[in-house]
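K.L.:
Below is the structure I would like to discuss, written out as structure tokens.
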Amino acid sequence: MSKTRKAEFRPNDFVVYPAHGVGKIVSIEEREIAGMQLELFVISFEKDKMTLRVPTDKATQVGMRSLSSPDIVSKALATLRGKARVKRAMWSRRAQEYEQKINSGDLLSIAEVVRDLHRTDDQREQSYSERQLYEAALERLTREVAAVSGLDEAGAQRQVGEVLVARAA
């Protein structure tokens with residue numbers, strides 16, 4: 001069973017870990033943990049200065065996936081162009097839903113959060129928690145757009161920003 005998992009991800013591949021976003025597999029190592037030999041993906045998240053070790057046979061179970069295809073990135077950017085869909089539920093419930101979407105690792109869900117929480121200059125100001133969720137979603141989105149498009153993060157931020165500004169116009 002773990003043989004198929006190893007072929008799926010290799011060192012130097014960029015992967016998306018749902019709770020942390022885009023990271024790079026640095027190596028695959030063997031470690032003895034609790035008396036068992038485990039094979040682990042060592043994933044580096046440069047921006048967060050964090051290293052994560054994920055058992056190779058659990059990688060897909062925890063939601064780790066390869067980068068989205070350029071087609072999915074195009075759909076995500078198209079999602080940003082849509083009209084914000086803000087439910088009339090209490091903020092705590094909406095915040096919980098946004099948090100789940102961000103941590104799902106699904107690029108289209110993350111794009112929905114960015115679209116729904118984006119504010120133009122003439123709209124009311126965001127609360128602190130709204131801004132935190134918006135920035136987390138925006139960062140995840142731009143990192144994956146950058147990795148898929150081969151842009152640097154600043155270039156991806158410009159691209160996403162242009163889509164959001166064009167929507168408002």
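Simple scheme: letters A, B, ... for chains in structure tokens order, numbers from 1 for residues in each chain, numbers from 1 for ligands in the order shown.
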For segment 4-106 of chain A versus segment 115-126 of chain A, which residues have an atom no more than 10 Å away, and what is each residue's nearest atom pair and distance in Å rounded to one decimal, using only C-alpha atoms, chain-then-number order, as a Markdown table?

P.N.:
| residue | atom | partner | partner_atom | distance |
| --- | --- | --- | --- | --- |
| A:Ala76 | CA | A:Arg115 | CA | 9.8 |
| A:Leu77 | CA | A:Arg115 | CA | 9.6 |
| A:Thr79 | CA | A:Arg115 | CA | 7.3 |
| A:Leu80 | CA | A:Arg115 | CA | 5.0 |
| A:Arg81 | CA | A:Arg115 | CA | 7.6 |
| A:Gly82 | CA | A:Arg115 | CA | 7.4 |
| A:Lys83 | CA | A:Arg115 | CA | 7.5 |
| A:Ala84 | CA | A:Asp116 | CA | 4.5 |
| A:Arg85 | CA | A:Asp116 | CA | 5.8 |
| A:Val86 | CA | A:Asp116 | CA | 6.1 |
| A:Lys87 | CA | A:Asp116 | CA | 9.5 |
| A:Tyr98 | CA | A:Leu117 | CA | 9.3 |

K.L.:
May I have the selected residues written with all heavy atoms, as a JSON list (two decimals), in the first residue's frame?

P.N.:
[["chain", "number", "residue", "atom", "x", "y", "z"],
["A", 76, "ALA", "N", -10.03, 29.02, -9.88],
["A", 76, "ALA", "CA", -9.96, 29.76, -8.61],
["A", 76, "ALA", "C", -9.96, 31.26, -8.88],
["A", 76, "ALA", "O", -10.64, 32.02, -8.21],
["A", 76, "ALA", "CB", -8.72, 29.35, -7.82],
["A", 77, "LEU", "N", -9.18, 31.68, -9.89],
["A", 77, "LEU", "CA", -9.15, 33.11, -10.23],
["A", 77, "LEU", "C", -10.51, 33.56, -10.78],
["A", 77, "LEU", "O", -10.94, 34.68, -10.52],
["A", 77, "LEU", "CB", -8.03, 33.39, -11.23],
["A", 77, "LEU", "CG", -6.60, 33.21, -10.68],
["A", 77, "LEU", "CD1", -5.56, 33.40, -11.78],
["A", 77, "LEU", "CD2", -6.33, 34.13, -9.51],
["A", 79, "THR", "N", -13.32, 32.30, -9.79],
["A", 79, "THR", "CA", -14.14, 32.38, -8.57],
["A", 79, "THR", "C", -13.98, 33.74, -7.92],
["A", 79, "THR", "O", -14.96, 34.32, -7.43],
["A", 79, "THR", "CB", -13.73, 31.27, -7.57],
["A", 79, "THR", "OG1", -13.95, 30.00, -8.18],
["A", 79, "THR", "CG2", -14.52, 31.35, -6.28],
["A", 80, "LEU", "N", -12.76, 34.28, -7.94],
["A", 80, "LEU", "CA", -12.51, 35.60, -7.35],
["A", 80, "LEU", "C", -13.29, 36.70, -8.06],
["A", 80, "LEU", "O", -13.64, 37.71, -7.47],
["A", 80, "LEU", "CB", -11.02, 35.95, -7.41],
["A", 80, "LEU", "CG", -10.07, 35.11, -6.57],
["A", 80, "LEU", "CD1", -8.64, 35.58, -6.77],
["A", 80, "LEU", "CD2", -10.44, 35.16, -5.10],
["A", 81, "ARG", "N", -13.54, 36.49, -9.36],
["A", 81, "ARG", "CA", -14.26, 37.50, -10.14],
["A", 81, "ARG", "C", -15.74, 37.54, -9.81],
["A", 81, "ARG", "O", -16.43, 38.50, -10.11],
["A", 81, "ARG", "CB", -14.09, 37.22, -11.64],
["A", 81, "ARG", "CG", -12.71, 37.53, -12.16],
["A", 81, "ARG", "CD", -12.62, 37.36, -13.67],
["A", 81, "ARG", "NE", -11.24, 37.36, -14.07],
["A", 81, "ARG", "CZ", -10.51, 36.27, -14.29],
["A", 81, "ARG", "NH1", -11.05, 35.08, -14.19],
["A", 81, "ARG", "NH2", -9.23, 36.37, -14.63],
["A", 82, "GLY", "N", -16.24, 36.46, -9.20],
["A", 82, "GLY", "CA", -17.68, 36.36, -8.90],
["A", 82, "GLY", "C", -18.11, 37.34, -7.82],
["A", 82, "GLY", "O", -17.31, 38.02, -7.20],
["A", 83, "LYS", "N", -19.40, 37.37, -7.62],
["A", 83, "LYS", "CA", -19.99, 38.25, -6.61],
["A", 83, "LYS", "C", -19.85, 37.58, -5.24],
["A", 83, "LYS", "O", -20.08, 36.39, -5.12],
["A", 83, "LYS", "CB", -21.46, 38.48, -6.95],
["A", 83, "LYS", "CG", -22.14, 39.51, -6.08],
["A", 83, "LYS", "CD", -23.48, 39.87, -6.69],
["A", 83, "LYS", "CE", -24.34, 40.79, -5.86],
["A", 83, "LYS", "NZ", -23.77, 41.43, -4.72],
["A", 84, "ALA", "N", -19.49, 38.37, -4.24],
["A", 84, "ALA", "CA", -19.33, 37.83, -2.89],
["A", 84, "ALA", "C", -20.66, 37.26, -2.40],
["A", 84, "ALA", "O", -21.71, 37.87, -2.58],
["A", 84, "ALA", "CB", -18.85, 38.92, -1.94],
["A", 85, "ARG", "N", -20.59, 36.08, -1.82],
["A", 85, "ARG", "CA", -21.79, 35.44, -1.27],
["A", 85, "ARG", "C", -21.63, 35.38, 0.24],
["A", 85, "ARG", "O", -21.01, 34.47, 0.77],
["A", 85, "ARG", "CB", -21.93, 34.02, -1.83],
["A", 85, "ARG", "CG", -22.19, 34.01, -3.31],
["A", 85, "ARG", "CD", -22.60, 32.63, -3.78],
["A", 85, "ARG", "NE", -22.62, 32.61, -5.23],
["A", 85, "ARG", "CZ", -21.74, 31.97, -5.98],
["A", 85, "ARG", "NH1", -20.78, 31.28, -5.43],
["A", 85, "ARG", "NH2", -21.83, 32.01, -7.29],
["A", 86, "VAL", "N", -22.17, 36.35, 0.91],
["A", 86, "VAL", "CA", -22.07, 36.39, 2.37],
["A", 86, "VAL", "C", -23.40, 35.97, 2.96],
["A", 86, "VAL", "O", -24.42, 36.60, 2.70],
["A", 86, "VAL", "CB", -21.67, 37.80, 2.86],
["A", 86, "VAL", "CG1", -21.58, 37.83, 4.37],
["A", 86, "VAL", "CG2", -20.36, 38.23, 2.23],
["A", 87, "LYS", "N", -23.36, 34.88, 3.71],
["A", 87, "LYS", "CA", -24.59, 34.39, 4.35],
["A", 87, "LYS", "C", -24.96, 35.33, 5.49],
["A", 87, "LYS", "O", -24.12, 36.01, 6.05],
["A", 87, "LYS", "CB", -24.36, 32.98, 4.89],
["A", 87, "LYS", "CG", -24.10, 31.98, 3.80],
["A", 87, "LYS", "CD", -23.87, 30.61, 4.39],
["A", 87, "LYS", "CE", -23.51, 29.63, 3.29],
["A", 87, "LYS", "NZ", -22.65, 28.57, 3.75],
["A", 98, "TYR", "N", -15.47, 29.63, 7.25],
["A", 98, "TYR", "CA", -14.31, 30.14, 6.51],
["A", 98, "TYR", "C", -13.04, 29.42, 6.94],
["A", 98, "TYR", "O", -12.22, 29.03, 6.11],
["A", 98, "TYR", "CB", -14.15, 31.65, 6.73],
["A", 98, "TYR", "CG", -15.21, 32.51, 6.07],
["A", 98, "TYR", "CD1", -15.65, 33.67, 6.69],
["A", 98, "TYR", "CD2", -15.77, 32.18, 4.85],
["A", 98, "TYR", "CE1", -16.62, 34.49, 6.10],
["A", 98, "TYR", "CE2", -16.74, 32.98, 4.25],
["A", 98, "TYR", "CZ", -17.15, 34.13, 4.88],
["A", 98, "TYR", "OH", -18.11, 34.92, 4.29]]

K.L.:
Which parts of segment 114-162 of chain A does DSSP call helix (DSSP H, G or I) when run on the backbone here, written out as a PyMOL selection string?

P.N.:
chain A and resi 114-117+128-149+153-162

K.L.:
Quick one: of A:Val113, A:Asn12, A:Ala146, A:Glu139, who's nearest to Glu97 of chain A, counting only C-alpha atoms?

P.N.:
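Answer, going by the shortest atom-to-atom distance: A:Val113.
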
K.L.:
Go through A:Pro55, A:Leu107, A:Gly35, A:Trp91 one by one, measure the shortest atom-to-atom distance of each to Ser74 of chain A using only C-alpha atoms, and give the residue with the smallest value.

P.N.:
A:Leu107

K.L.:
List the neighbours of segment 24-29 of chain A out to 6 Å using only C-alpha atoms; skip same-chain residues closer than 5 positions along the sequence, and give me the result as a PyMOL selection string.

P.N.:
chain A and resi 11-14+39-44

K.L.:
Output the selection as a PDB file, in the first residue's frame - all heavy atoms for each residue.

P.N.:
ATOM      1  N   PRO A  11      11.089  13.853  -3.455  1.00  0.00           N
ATOM      2  CA  PRO A  11      11.834  15.031  -2.989  1.00  0.00           C
ATOM      3  C   PRO A  11      11.848  16.114  -4.066  1.00  0.00           C
ATOM      4  O   PRO A  11      11.856  15.822  -5.262  1.00  0.00           O
ATOM      5  CB  PRO A  11      13.231  14.482  -2.724  1.00  0.00           C
ATOM      6  CG  PRO A  11      12.980  13.050  -2.362  1.00  0.00           C
ATOM      7  CD  PRO A  11      11.846  12.611  -3.251  1.00  0.00           C
ATOM      8  N   ASN A  12      11.819  17.366  -3.640  1.00  0.00           N
ATOM      9  CA  ASN A  12      11.776  18.567  -4.474  1.00  0.00           C
ATOM     10  C   ASN A  12      10.410  18.847  -5.090  1.00  0.00           C
ATOM     11  O   ASN A  12      10.249  19.820  -5.811  1.00  0.00           O
ATOM     12  CB  ASN A  12      12.854  18.567  -5.565  1.00  0.00           C
ATOM     13  CG  ASN A  12      14.239  18.595  -4.966  1.00  0.00           C
ATOM     14  OD1 ASN A  12      14.459  19.237  -3.931  1.00  0.00           O
ATOM     15  ND2 ASN A  12      15.165  17.889  -5.576  1.00  0.00           N
ATOM     16  N   ASP A  13       9.410  18.005  -4.799  1.00  0.00           N
ATOM     17  CA  ASP A  13       8.041  18.280  -5.245  1.00  0.00           C
ATOM     18  C   ASP A  13       7.422  19.304  -4.307  1.00  0.00           C
ATOM     19  O   ASP A  13       7.672  19.286  -3.106  1.00  0.00           O
ATOM     20  CB  ASP A  13       7.167  17.015  -5.178  1.00  0.00           C
ATOM     21  CG  ASP A  13       7.380  16.066  -6.337  1.00  0.00           C
ATOM     22  OD1 ASP A  13       8.185  16.397  -7.234  1.00  0.00           O
ATOM     23  OD2 ASP A  13       6.748  14.993  -6.341  1.00  0.00           O
ATOM     24  N   PHE A  14       6.600  20.175  -4.868  1.00  0.00           N
ATOM     25  CA  PHE A  14       5.806  21.063  -4.027  1.00  0.00           C
ATOM     26  C   PHE A  14       4.503  20.338  -3.735  1.00  0.00           C
ATOM     27  O   PHE A  14       3.925  19.713  -4.621  1.00  0.00           O
ATOM     28  CB  PHE A  14       5.509  22.390  -4.743  1.00  0.00           C
ATOM     29  CG  PHE A  14       6.677  23.321  -4.745  1.00  0.00           C
ATOM     30  CD1 PHE A  14       7.512  23.409  -5.855  1.00  0.00           C
ATOM     31  CD2 PHE A  14       6.960  24.102  -3.628  1.00  0.00           C
ATOM     32  CE1 PHE A  14       8.598  24.264  -5.850  1.00  0.00           C
ATOM     33  CE2 PHE A  14       8.044  24.957  -3.610  1.00  0.00           C
ATOM     34  CZ  PHE A  14       8.873  25.032  -4.731  1.00  0.00           C
ATOM     35  N   GLU A  39       8.556   5.477   7.575  1.00  0.00           N
ATOM     36  CA  GLU A  39       9.108   6.259   6.480  1.00  0.00           C
ATOM     37  C   GLU A  39       8.345   7.580   6.463  1.00  0.00           C
ATOM     38  O   GLU A  39       7.113   7.591   6.484  1.00  0.00           O
ATOM     39  CB  GLU A  39       8.912   5.503   5.169  1.00  0.00           C
ATOM     40  CG  GLU A  39       9.652   6.130   4.018  1.00  0.00           C
ATOM     41  CD  GLU A  39       9.519   5.300   2.764  1.00  0.00           C
ATOM     42  OE1 GLU A  39       8.397   4.885   2.442  1.00  0.00           O
ATOM     43  OE2 GLU A  39      10.546   5.094   2.119  1.00  0.00           O
ATOM     44  N   LEU A  40       9.072   8.700   6.451  1.00  0.00           N
ATOM     45  CA  LEU A  40       8.452  10.015   6.586  1.00  0.00           C
ATOM     46  C   LEU A  40       8.833  10.950   5.447  1.00  0.00           C
ATOM     47  O   LEU A  40       9.981  10.954   5.009  1.00  0.00           O
ATOM     48  CB  LEU A  40       8.899  10.669   7.905  1.00  0.00           C
ATOM     49  CG  LEU A  40       8.686   9.883   9.180  1.00  0.00           C
ATOM     50  CD1 LEU A  40       9.521  10.473  10.304  1.00  0.00           C
ATOM     51  CD2 LEU A  40       7.237   9.881   9.568  1.00  0.00           C
ATOM     52  N   PHE A  41       7.848  11.732   5.003  1.00  0.00           N
ATOM     53  CA  PHE A  41       8.148  12.841   4.098  1.00  0.00           C
ATOM     54  C   PHE A  41       8.593  13.988   4.988  1.00  0.00           C
ATOM     55  O   PHE A  41       7.922  14.315   5.968  1.00  0.00           O
ATOM     56  CB  PHE A  41       6.892  13.300   3.333  1.00  0.00           C
ATOM     57  CG  PHE A  41       6.419  12.344   2.277  1.00  0.00           C
ATOM     58  CD1 PHE A  41       5.156  11.771   2.368  1.00  0.00           C
ATOM     59  CD2 PHE A  41       7.207  12.047   1.181  1.00  0.00           C
ATOM     60  CE1 PHE A  41       4.700  10.907   1.393  1.00  0.00           C
ATOM     61  CE2 PHE A  41       6.763  11.183   0.193  1.00  0.00           C
ATOM     62  CZ  PHE A  41       5.507  10.608   0.303  1.00  0.00           C
ATOM     63  N   VAL A  42       9.699  14.628   4.643  1.00  0.00           N
ATOM     64  CA  VAL A  42      10.145  15.813   5.365  1.00  0.00           C
ATOM     65  C   VAL A  42       9.769  17.003   4.486  1.00  0.00           C
ATOM     66  O   VAL A  42      10.298  17.170   3.392  1.00  0.00           O
ATOM     67  CB  VAL A  42      11.671  15.782   5.630  1.00  0.00           C
ATOM     68  CG1 VAL A  42      12.095  17.032   6.379  1.00  0.00           C
ATOM     69  CG2 VAL A  42      12.049  14.526   6.399  1.00  0.00           C
ATOM     70  N   ILE A  43       8.830  17.804   4.984  1.00  0.00           N
ATOM     71  CA  ILE A  43       8.286  18.917   4.204  1.00  0.00           C
ATOM     72  C   ILE A  43       8.726  20.231   4.842  1.00  0.00           C
ATOM     73  O   ILE A  43       8.550  20.430   6.039  1.00  0.00           O
ATOM     74  CB  ILE A  43       6.747  18.864   4.155  1.00  0.00           C
ATOM     75  CG1 ILE A  43       6.295  17.496   3.646  1.00  0.00           C
ATOM     76  CG2 ILE A  43       6.197  19.972   3.268  1.00  0.00           C
ATOM     77  CD1 ILE A  43       4.833  17.230   3.860  1.00  0.00           C
ATOM     78  N   SER A  44       9.286  21.103   4.018  1.00  0.00           N
ATOM     79  CA  SER A  44       9.742  22.397   4.512  1.00  0.00           C
ATOM     80  C   SER A  44       8.779  23.485   4.051  1.00  0.00           C
ATOM     81  O   SER A  44       8.412  23.548   2.881  1.00  0.00           O
ATOM     82  CB  SER A  44      11.138  22.681   3.961  1.00  0.00           C
ATOM     83  OG  SER A  44      11.514  23.994   4.261  1.00  0.00           O
TER      84      SER A  44
END

K.L.:
For atom CA of Gly105 of chain A and atom CA of Tyr17 of chain A, quote the distance in Å rounded to one decimal.

P.N.:
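So the two atoms, atom CA of Gly105 of chain A and atom CA of Tyr17 of chain A, lie 6.7 Å apart.
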
K.L.:
State, in Å with one decimal place, the distance from atom CA of Gly63 of chain A to atom CA of Thr142 of chain A.

P.N.:
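Spanning atom CA of Gly63 of chain A to atom CA of Thr142 of chain A is a straight-line distance of 19.5 Å.
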